[in-house]
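Participant: To start, I am sharing the structure in question, which I have written as structure tokens.
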Amino acid sequence: MIAVAGAATLLLSVWLLLTRRVDTAARLCTLQALCAAVPLGDRMPAAAILAFALNGVALPSAVMRMRDSPMLVPRGRVLLRWAVAFVLLVVTIVVLGNVGAGGTVATGTSVVLLGLLMAGLRGHPTLYLLSSQNGLLLVASASPDLSVSAALAAAVPLIPGLVLADAWLHP
Amino acid sequence: MSGVLPLIVVALPIVSAAVLASVASWRLGAWINMGSASLQFVAACALVWSAGTAETQLVLLTSLVAMTVSWFGHRDIAALLTARSLNRQRVRLYHVGYQTLIGGIQGAALGTGTILTWLALVVAVAAAAAVTGAARGPAAGVACSRLLVSCGTGLMLALLGTLLLGMIPDLAGFFLLLGYAALAGLVPLHSWIAKAAAEGVAPGATIVTALLPNVPILLFIRLSIAPWLLMAFGLASLLVGATALHARLDPRRCVALAGMAQLGMVMFGIGVGAKPAAWLHVMLLALARSAVLQSQCSDMIAWLTLALLPLLALYLLAGPTAAVSPWLLVPLAVGMLLAAWGMLERCPVSFAADWVAATPAWLQVALVVLLAFAMPGPLGGWFCVAAG
């Protein structure tokens with residue numbers, strides 16, 4: 001179950017790279033947040049529900065409400081972006097393949113890094129940072145000695161929230 | 001760190017920020033800002049007296065610079081109000097951001113756990129964005145957005161590193177280094193620092209560029225990160241910063257890039273095991289950067305102090321570097337000389353226009369000279385123990 005949820009989160013992250021519409025990307029983030037919250041649900045159900053409520057419902061809705069353009073504008077060369085994303089995925093999975101239950105650490109780290117890469121290369125960094133936050137949740141769920149504070153830091157999207165607030169204040 | 005004093009040092013700026021949020025008059029806000037910063041300095045002195053660690057030394061440095069900036073920076077605020085670069089609401093935002101930023105930095109320095117430190121740095125970055133974006137105009141907005149995206153990316157990488165610490169320590173160290181280096185304005189997520197220095201409100205830019213980068217350096221000293229990584233990232237920052245100094249830039253961007261290059265040296269110094277020398281350089285650099293920015297980049301003595309600091313660092317780091325590998329001295333010396341030359345090329349040939357600009361600058365230059373060349377023996381020992 002955990003491995004399936006992790007794999008689905010990663011697939012949604014790759015799908016996010018292909019998406020051109022803001023509302024589609026926001027819906028993908030909602031699905032991704034649901035998948036990422038599943039592995040944490042066993043150990044800390046409250047943190048998992050909070051993570052889904054914020055990463056999957058509140059922030060994607062806010063992004064859809066305040067979008068200034070319906071399209072995600074790519075920056076730089078598409079081929080280069082794909083090449084970097086592919087290398088990143090391969091390296092992460094080779095290095096971290098055996099760590100954590102069901103390869104959750106590898107998939108989580110891949111999701112985080114892909115999100116951060118896209119936040120730098122495409123418009124609407126909030127959505128990609130949100131995707132990274134979902135990856136952090138996956139990594140946190142694989143941690144053997146997860147504290148409540150660490151779970152909350154991974155569950156609450158502070159950075160995507162700040163970037164969204166900035167986009168609202170400085171349109 | 002436990003006790004009442006650390007709590008006071010962190011809580012005082014946060015409470016002041018809450019009070020400032022409800023004060024409509026900008027003059028009263030400026031007085032509250034000054035009063036609170038002075039009280040924080042007193043509390044920081046008491047804290048250093050009770051515990052002489054690197055953390056408390058950083059708290060003292062932060063509160064000293066924050067106090068001088070609050071005393072002597074209010075004139076800049078008045079000038080910006082007259083020029084309509086700020087309005088009353090924006091000044092209020094600036095004051096709230098200023099105190100929150102100080103609280104965040106002090107909280108991160110004194111934080112007892114990695115997550116608490118991370119959280120305090122999130123608060124500090126949010127406040128730094130508020131201080132930078134308080135100025136009117138699209139340039140300040142862009143600087144604020146870039147600061148948030150770059151430092152936000154860094155913070156997410158740092159959180160990833162924190163979560164991985166118990167599972168894969170080596171990789172965790174790499175992510176922590178990459179993430180927290182963004183907050184120090186180091187390669188590769190360094191693009192925000194020059195823009196924040198140039199476009200933000202002048203006194204706020206001093207705090208953002210001279211004080212915020214010190215906490216990540218303290219973390220690099222405390223965390224166990226592979227030395228070769230610190231050396232590689234340090235040299236990269238040094239060479240990129242030193243080379244960029246030779247482009248045509250305005251003085252505030254120059255100061256930011258000089259700081260980036262010199263913090264690269266500091267990282268390199270930590271990597272070669274010269275932690276006390278690196279920590280001393282962090283203190284000297286923060287004071288020198290603050291002196292130059294508070295003199296509005298117009299004072300020759302403050303500028304020369306910042307420009308010549310790399311030579312002192314080269315003198316201090318040459319021995320430990322040669323002990324690791326004599327070949328490492330080549331890029332280190334090239335970077336340091338490039339950085340010093342780049343700054344000397346732009347040295348102003350005048351002194352600060354008036355005593356308001358000159359007093360804090362010269363006070364801090366005097367401190368730099370004292371710490372660099374005439375440090376009393378017990379103080380030197382205290383530095384070595386704290387950073388060791």
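If you're wondering about the labels, chains in the structure tokens are A, B, ... by order shown, residues count from 1 in each chain, ligands from 1 in order shown.
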Select, as a PDB file with N, CA and C atoms, in the first residue's frame, those residues of chain B with any atom no more than 8 Å from chain A (distances computed using only C-alpha atoms).
Facilitator:
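After the write, part.pdb holds the following:
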```pdb
ATOM      1  N   ILE B 115      14.632  21.049  13.977  1.00  0.00           N
ATOM      2  CA  ILE B 115      13.337  21.498  13.440  1.00  0.00           C
ATOM      3  C   ILE B 115      13.005  22.900  13.946  1.00  0.00           C
ATOM      4  N   LEU B 119      12.375  26.152  11.721  1.00  0.00           N
ATOM      5  CA  LEU B 119      11.147  26.950  11.831  1.00  0.00           C
ATOM      6  C   LEU B 119      11.475  28.431  12.059  1.00  0.00           C
ATOM      7  N   VAL B 122      12.449  29.944   8.878  1.00  0.00           N
ATOM      8  CA  VAL B 122      11.283  30.229   8.022  1.00  0.00           C
ATOM      9  C   VAL B 122      10.703  31.599   8.409  1.00  0.00           C
ATOM     10  N   ALA B 126      10.552  34.940   6.014  1.00  0.00           N
ATOM     11  CA  ALA B 126       9.301  35.662   5.758  1.00  0.00           C
ATOM     12  C   ALA B 126       9.461  37.136   6.136  1.00  0.00           C
ATOM     13  N   GLY B 141       9.517  44.612  -5.377  1.00  0.00           N
ATOM     14  CA  GLY B 141       8.640  43.433  -5.443  1.00  0.00           C
ATOM     15  C   GLY B 141       9.354  42.237  -6.041  1.00  0.00           C
ATOM     16  N   CYS B 144      11.862  40.909  -3.552  1.00  0.00           N
ATOM     17  CA  CYS B 144      11.167  40.172  -2.492  1.00  0.00           C
ATOM     18  C   CYS B 144      10.780  38.773  -2.987  1.00  0.00           C
ATOM     19  N   SER B 145      10.230  38.687  -4.224  1.00  0.00           N
ATOM     20  CA  SER B 145       9.811  37.394  -4.762  1.00  0.00           C
ATOM     21  C   SER B 145      11.012  36.475  -4.955  1.00  0.00           C
ATOM     22  N   LEU B 148      12.145  35.118  -1.670  1.00  0.00           N
ATOM     23  CA  LEU B 148      11.259  34.066  -1.149  1.00  0.00           C
ATOM     24  C   LEU B 148      11.442  32.748  -1.894  1.00  0.00           C
ATOM     25  N   VAL B 149      11.541  32.810  -3.230  1.00  0.00           N
ATOM     26  CA  VAL B 149      11.655  31.554  -3.994  1.00  0.00           C
ATOM     27  C   VAL B 149      13.020  30.909  -3.738  1.00  0.00           C
ATOM     28  N   GLY B 152      13.188  29.968  -0.017  1.00  0.00           N
ATOM     29  CA  GLY B 152      12.179  28.918   0.203  1.00  0.00           C
ATOM     30  C   GLY B 152      12.661  27.586  -0.333  1.00  0.00           C
ATOM     31  N   THR B 153      13.257  27.601  -1.530  1.00  0.00           N
ATOM     32  CA  THR B 153      13.823  26.376  -2.095  1.00  0.00           C
ATOM     33  C   THR B 153      14.902  25.834  -1.157  1.00  0.00           C
ATOM     34  N   LEU B 155      15.176  26.334   2.054  1.00  0.00           N
ATOM     35  CA  LEU B 155      14.586  25.816   3.296  1.00  0.00           C
ATOM     36  C   LEU B 155      13.957  24.437   3.087  1.00  0.00           C
ATOM     37  N   MET B 156      13.367  24.228   1.899  1.00  0.00           N
ATOM     38  CA  MET B 156      12.773  22.904   1.639  1.00  0.00           C
ATOM     39  C   MET B 156      13.870  21.845   1.514  1.00  0.00           C
ATOM     40  N   LEU B 159      14.982  21.100   4.978  1.00  0.00           N
ATOM     41  CA  LEU B 159      14.045  20.227   5.702  1.00  0.00           C
ATOM     42  C   LEU B 159      14.195  18.778   5.222  1.00  0.00           C
ATOM     43  N   LEU B 160      14.417  18.615   3.910  1.00  0.00           N
ATOM     44  CA  LEU B 160      14.660  17.267   3.384  1.00  0.00           C
ATOM     45  C   LEU B 160      15.901  16.676   4.051  1.00  0.00           C
ATOM     46  N   LEU B 163      15.127  15.657   7.618  1.00  0.00           N
ATOM     47  CA  LEU B 163      14.341  14.412   7.704  1.00  0.00           C
ATOM     48  C   LEU B 163      15.209  13.190   7.384  1.00  0.00           C
ATOM     49  N   LEU B 164      16.227  13.388   6.523  1.00  0.00           N
ATOM     50  CA  LEU B 164      17.074  12.252   6.122  1.00  0.00           C
ATOM     51  C   LEU B 164      18.222  12.000   7.102  1.00  0.00           C
ATOM     52  N   GLY B 166      18.608  10.913  10.099  1.00  0.00           N
ATOM     53  CA  GLY B 166      18.668   9.635  10.804  1.00  0.00           C
ATOM     54  C   GLY B 166      18.819   8.440   9.872  1.00  0.00           C
ATOM     55  N   MET B 167      18.573   8.620   8.570  1.00  0.00           N
ATOM     56  CA  MET B 167      18.589   7.480   7.640  1.00  0.00           C
ATOM     57  C   MET B 167      19.864   7.438   6.784  1.00  0.00           C
TER      58      MET B 167
END
```
Participant: With only C-alpha atoms as the counted atoms, please give the residues lying no more than 8 Å from region 8-18 of chain A, apart from itself and same-chain residues fewer than 3 positions off, as a ChimeraX atom specification.
Facilitator: /A:4-5,25,28-29,31-33,35-36,107-108,110-111,114-115,118,131,134-135
Participant: Would you please extract all alpha helix (DSSP H) residues from region 33-166 of chain A, as assigned by DSSP on the backbone, and give them as number ranges by chain?
Facilitator: A: 33-41, 45-51, 59-65, 78-96, 104-121, 125-142, 148-155, 158-166
Participant: Identify, on the basis of only C-alpha atoms, every residue whose closest approach to Pro213 (chain B) does not exceed 7 Å; exclude the query and any residue fewer than 5 positions from it along the same chain; express the result as a list of chain:residue names.
Facilitator: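 Final neighbour list, sorted by chain and number: B:Leu183, B:Ala184, B:Gly185.
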Participant: Write out as number ranges by chain the residues lying within 8 Å of Ala242 (chain B), counting only C-alpha atoms and excluding same-chain residues fewer than 6 positions away.
Facilitator: B: 257-258, 261, 335-336, 338-339, 342
Participant: Show which residues sit within 10 Å of Ile105 (chain B), as a ChimeraX atom specification. Count only C-alpha atoms, and ignore same-chain residues fewer than 5 positions away.
Facilitator: /B:10,58-59,62-63,99-100,110-111,117,120-125,211-215
Participant: Could you write out the selected residues, including C-alpha atoms, as an mmCIF file, in the first residue's frame?
Facilitator:
```cif
data_model
loop_
_atom_site.group_PDB
_atom_site.id
_atom_site.type_symbol
_atom_site.label_atom_id
_atom_site.label_comp_id
_atom_site.auth_asym_id
_atom_site.auth_seq_id
_atom_site.Cartn_x
_atom_site.Cartn_y
_atom_site.Cartn_z
ATOM 1 C CA VAL B 10 13.846 35.734 21.371
ATOM 2 C CA LEU B 58 26.084 35.514 17.348
ATOM 3 C CA VAL B 59 23.177 36.797 19.448
ATOM 4 C CA THR B 62 23.000 40.491 15.869
ATOM 5 C CA SER B 63 21.664 42.696 18.636
ATOM 6 C CA GLN B 99 11.718 43.074 14.698
ATOM 7 C CA THR B 100 10.382 39.715 13.463
ATOM 8 C CA LEU B 110 19.481 29.694 20.139
ATOM 9 C CA GLY B 111 17.143 26.922 18.881
ATOM 10 C CA THR B 117 16.015 26.140 14.108
ATOM 11 C CA ALA B 120 12.864 30.069 13.182
ATOM 12 C CA LEU B 121 14.632 30.466 9.847
ATOM 13 C CA VAL B 122 11.283 30.229 8.022
ATOM 14 C CA VAL B 123 10.064 33.121 10.205
ATOM 15 C CA ALA B 124 13.289 35.036 9.491
ATOM 16 C CA VAL B 125 12.954 34.538 5.718
ATOM 17 C CA LEU B 211 22.945 39.267 9.705
ATOM 18 C CA LEU B 212 20.690 36.619 8.120
ATOM 19 C CA PRO B 213 23.618 34.743 6.443
ATOM 20 C CA ASN B 214 25.423 34.217 9.777
ATOM 21 C CA VAL B 215 23.004 31.616 11.174
#
```
Participant: What gap, in Å, lies between CA of Trp118 (chain B) and CA of Gly154 (chain B)?
Facilitator: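 Interatomic distance here is 10.7 Å.
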Participant: Excluding Val19 (chain B) and its own-chain neighbours fewer than 4 positions away, which residues fall within 10 Å of it when counting only C-alpha atoms? Please give them as a ChimeraX atom specification.
Facilitator: /B:13-15,23,29,32-33,96
Participant: Of the candidates B:Leu309, B:Val368, B:Ala21, B:Ala302, which one gets nearest to Val349 (chain B) if we count only C-alpha atoms?
Facilitator: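 Smallest distance to Val349 (chain B) is found for B:Ala302.
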Participant: What's around Leu165 (chain B) at 10 Å? Count only C-alpha atoms, leave out sequence neighbours fewer than 6 positions away in its own chain, and write the answer as a ChimeraX atom specification.
Facilitator: /A:143 /B:159,171-173,175-176
Participant: Could those residues be written to a file, using N, CA and C atoms, as a short mmCIF file (atom, residue, chain, number, x, y, z; two decimals), in the first residue's frame?
Facilitator:
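Now in out32.cif:
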```cif
data_model
loop_
_atom_site.label_atom_id
_atom_site.label_comp_id
_atom_site.auth_asym_id
_atom_site.auth_seq_id
_atom_site.Cartn_x
_atom_site.Cartn_y
_atom_site.Cartn_z
N SER A 143 10.58 8.00 7.86
CA SER A 143 11.58 8.20 8.93
C SER A 143 11.27 7.30 10.12
N LEU B 159 14.98 21.10 4.98
CA LEU B 159 14.04 20.23 5.70
C LEU B 159 14.19 18.78 5.22
N LEU B 171 24.13 11.96 2.69
CA LEU B 171 23.26 12.67 1.74
C LEU B 171 22.51 13.80 2.46
N ALA B 172 22.12 13.54 3.72
CA ALA B 172 21.43 14.57 4.50
C ALA B 172 22.33 15.80 4.63
N GLY B 173 23.63 15.57 4.89
CA GLY B 173 24.59 16.67 5.01
C GLY B 173 24.65 17.48 3.73
N PHE B 175 22.23 17.86 1.45
CA PHE B 175 21.02 18.68 1.30
C PHE B 175 20.99 19.83 2.30
N LEU B 176 21.48 19.57 3.52
CA LEU B 176 21.53 20.65 4.52
C LEU B 176 22.46 21.76 4.05
#
```
Participant: What gap, in Å, lies between CA of Leu238 (chain B) and CA of Leu317 (chain B)?
Facilitator: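 Atom-to-atom, CA of Leu238 (chain B) and CA of Leu317 (chain B) are spaced 13.8 Å apart.
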Participant: Restricting the calculation to only C-alpha atoms, which member of A:Leu34, A:Leu127, A:Ala51, A:Val84 is positioned closest to Gly6 (chain A)?
Facilitator: A:Leu34
Participant: Work out how far CA of Ala313 (chain B) is from CA of Met343 (chain B), in Å to one decimal.
Facilitator: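 Value for the CA of Met343 (chain B)-CA of Ala313 (chain B) distance: 15.2 Å.
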Participant: Could you check which of A:Val38, A:Ile49, A:Ala26, A:Val91 is closest to Ala155 (chain A), using only C-alpha atoms?
Facilitator: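 The shortest atom-to-atom distance to Ala155 (chain A) comes from A:Ile49.
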Participant: Please determine, counting only C-alpha atoms, which residue among B:Ile193, B:Ala79, B:Val282, B:Leu370 has the shortest atom-to-atom distance to Met267 (chain B).
Facilitator: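 Comparing B:Ile193, B:Ala79, B:Val282, B:Leu370 against Met267 (chain B), the winner is B:Val282.
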